[in-house]
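Participant: Okay, handing you the structure first.
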Amino acid sequence: MLRARRAQRFAGITLAVIGLFAATATTSSAGILTDTLPPISPQVTSALQTAEPFLEAPPATAPTLPANPTAALVDVVKSLSLEMGAPKDPTPTILKAALSPEVTGNIALALYDVLSCQRISKAHMASIPPAVLKAAASEHGNGGSLNPGDFADIQQCAKRMWKSASDLEKALTKVVLPVGADIDLWPVLRYSRSTTAANTYMNDYAVLIDAGGADTYVNNSGSSLIDVNFGPPGQPGVKGEGPAKGCQRAIPGLTAADCIPAAGLLLDLGGNDTYGVRQTPDVDAVCTADPVVRRMVSNGSGFLGVGILIDRSGNDRYTGKTVSNGSGHVFGVGLLHDRAGDDQYLEVRNSTGFALVGGVGVFHDYAGNDTHNFYTPNKLAGASGVNQTPGAGGVIDDEDACDNLPRYDVGGGNVGGVGVALDDAGNDSYVGGFAPTFLAPFGSNAGGGSSQGCANNQAAGSLVDKAGTDSYSIVTLSLGVDGTWVRTPHPNSRGNGVTLVPTIDPATQQGGETGTGGVFKDF
């Protein structure tokens, strides 16, 4: 019944997403990803090259700093705070911080790019009727009537923001003790200058810099959807003071202004950090009683905007819900770069170098023995557990139903997105989910909704692991006699030294074992 209802709905939606590959295509050239890919169709290669500018640092050209860095920083904080609906005069705080001219100038440049990206996202959000956005954003739909070419400005702004973020990272690594006062100019800028303090961040910021320590991020964590309703003590938001809640639902959260489309940048320079914390469910309580990360779009992810997270060192834990850990949705760009450490990545679905509806998601782990896994919250007592029924477990999806199907973990794409996951070194472990009944809106269910370098529905996805002795497994879920999920290994051929490429039909772009445009390669 559910399949029939969806099929009828798909028939009335304009297939504008068919142009996504063409809109993102680039001229063939060498690059950090392209150099490692096996021979695949020019179409898929071109789509994956969309991610190339975001996989490594931009060319090392020194930025032109403002003539008066302090004045520039004051100016851009004023402008961005006004844009975000929380105007303030940052002058006393910035003067007290006494930052070096180089750091001050680079923060100002990064904030100007964030401001530019914020305005682009705000304009797009205002131009799309809520009903159109809801239809376009649905994972089970096909992109709605949106024209991909109209959103190319988000990717261009992402490139500028990635450059200024990289320049700021370089400038911050030159900072030597002693340090001055912290900066807390919510919701624009937070700079914690202690290299040892263990901070817990409960509120959202456009730019957040932490110099070190074992920190916990229970906020947007470098993602583009920002909660301006709740501010920290002494800096009330629209609804007052308190921890941020953010968008726990997809489009309903945006239309209710639970968060605003913006741009986010997080730079953490050291320490064993925690990104995302599972809590008692709020909106997801209709699906499960298990702890969940409450908000969607986190940990360097972008929804109709740009989100960047850079972590320089430490053994870190990244936990997300959906569209997390370097993911992009509705033409958004999300980047997660972890430069060192033995890290743990955990999500419900659709995360870690994942992209949906024309988005670009990039995940790059540079070193360490890492683990990738997923969690699916259990159903409520007495519920049937049938997907998309009340109490079925999992978490709320874009149709406000309880979705318990795991899928698209690590280097995945769906509905015209381009998702890339790249791991440079270490002995890594990957466990991903597989949804054999996942409905594909373009008339094919090739590959179901799988993980680890899988894509479907005119999307492109890639997982490349360049070194180490790695392990891979893909599992399906079934209900056990006690009502909890049982994991069953799904037959697959991923492993060390394995290459899997799609079998592409030029007319439909439907793929084979790894789905449409999906590439898996382990060295």
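How things are named: the first chain in the structure tokens is A, the next is B, and so on; residues count from 1 in each chain; ligands count from 1 in the order shown.
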Would you kindly return, as a VMD selection string, each protein, DNA or RNA residue with an atom no farther than 6 Å from any atom of Cys259 (chain A), considering only C-alpha atoms and excluding same-chain residues fewer than 6 positions away?
Facilitator: chain A and resid 225 to 227 246 to 247
Participant: Take the residues from that selection and put them in a file with C-alpha atoms, as an mmCIF file, in the first residue's frame.
Facilitator:
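again16.cif, freshly written:
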data_model
loop_
_atom_site.group_PDB
_atom_site.id
_atom_site.type_symbol
_atom_site.label_atom_id
_atom_site.label_comp_id
_atom_site.auth_asym_id
_atom_site.auth_seq_id
_atom_site.Cartn_x
_atom_site.Cartn_y
_atom_site.Cartn_z
ATOM 1 C CA LEU A 225 21.302 24.569 10.169
ATOM 2 C CA ILE A 226 21.609 26.873 13.174
ATOM 3 C CA ASP A 227 19.283 27.297 16.166
ATOM 4 C CA GLY A 246 17.888 22.584 16.282
ATOM 5 C CA CYS A 247 15.917 20.893 13.521
#
Participant: Which of region 55-183 of chain A counts as alpha helix (DSSP H) under DSSP, as a ChimeraX atom specification please?
Facilitator: /A:69-83,91-97,101-127,130-137,152-172
Participant: Restrict the calculation to only C-alpha atoms, then for each residue of region 241-288 of chain A with any atom at most 9 Å from an atom of region 99-119 of chain A give the closest atom pair and their distance in Å to one decimal, rows by chain and rising residue number, as a tab-separated table.
Facilitator:
residue	atom	partner	partner_atom	distance
A:Pro261	CA	A:Gln118	CA	7.1
A:Ala262	CA	A:Gln118	CA	4.4
A:Ala263	CA	A:Gln118	CA	5.3
A:Gly264	CA	A:Val114	CA	7.1
A:Leu265	CA	A:Val114	CA	8.0
Participant: Taking only C-alpha atoms into account, name the residue in A:Asn496, A:Asn404, A:Asn373, A:Thr50 that is nearest to Pro390 (chain A).
Facilitator: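 Nearest to Pro390 (chain A): A:Asn404.
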Participant: Need to verify the contact set: Thr476 (chain A), 8 Å, only C-alpha atoms, exclusion of same-chain residues closer than 2 positions in sequence. Can you return it as a list in words?
Facilitator: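 Residues near the query, excluding close chain neighbours: Pro406, Gly433, Phe434, Ala435, Ile474, Ser478, Arg487, Thr488, Pro489 and His490 of chain A.
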Participant: Of the candidates A:Pro232, A:Gly497, A:Pro130, A:Gly328, which shows the shortest atom-to-atom distance to Pro252 (chain A), using only C-alpha atoms?
Facilitator: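 Of A:Pro232, A:Gly497, A:Pro130, A:Gly328, the one nearest Pro252 (chain A), counting only C-alpha atoms, is A:Pro130.
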Participant: Ranking A:Val395, A:Ala421, A:Met125, A:Ala401 by minimum distance to His364 (chain A) and counting only C-alpha atoms, which one comes first?
Facilitator: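 Smallest separation from His364 (chain A) among the options: A:Ala421.
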Participant: Can you tell me which residues surround Ile396 (chain A) at a distance of at most 7 Å, considering only C-alpha atoms, apart from same-chain residues fewer than 3 positions away, and format the answer as a list in words?
Facilitator: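 In the requested format, the answer is Arg249, Asp284, Asp400, Ala401, Cys402 and Asp403 of chain A.
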Participant: Next, write the just-selected residues to a file, as a CSV table (one decimal), in the first residue's frame, keeping N, CA and C atoms as the atom set.
Facilitator:
chain,number,residue,atom,x,y,z
A,249,ARG,N,13.4,17.5,13.0
A,249,ARG,CA,12.6,17.0,11.8
A,249,ARG,C,13.3,17.7,10.6
A,284,ASP,N,11.6,12.2,18.3
A,284,ASP,CA,11.6,10.8,17.9
A,284,ASP,C,11.0,9.9,18.9
A,400,ASP,N,7.7,12.4,8.2
A,400,ASP,CA,7.3,12.4,9.6
A,400,ASP,C,6.8,11.0,10.0
A,401,ALA,N,7.4,10.0,9.4
A,401,ALA,CA,7.1,8.6,9.8
A,401,ALA,C,8.4,8.0,10.5
A,402,CYS,N,8.2,6.9,11.1
A,402,CYS,CA,9.3,6.2,11.9
A,402,CYS,C,10.0,5.3,10.9
A,403,ASP,N,11.1,5.7,10.5
A,403,ASP,CA,11.9,5.0,9.5
A,403,ASP,C,13.0,4.2,10.2
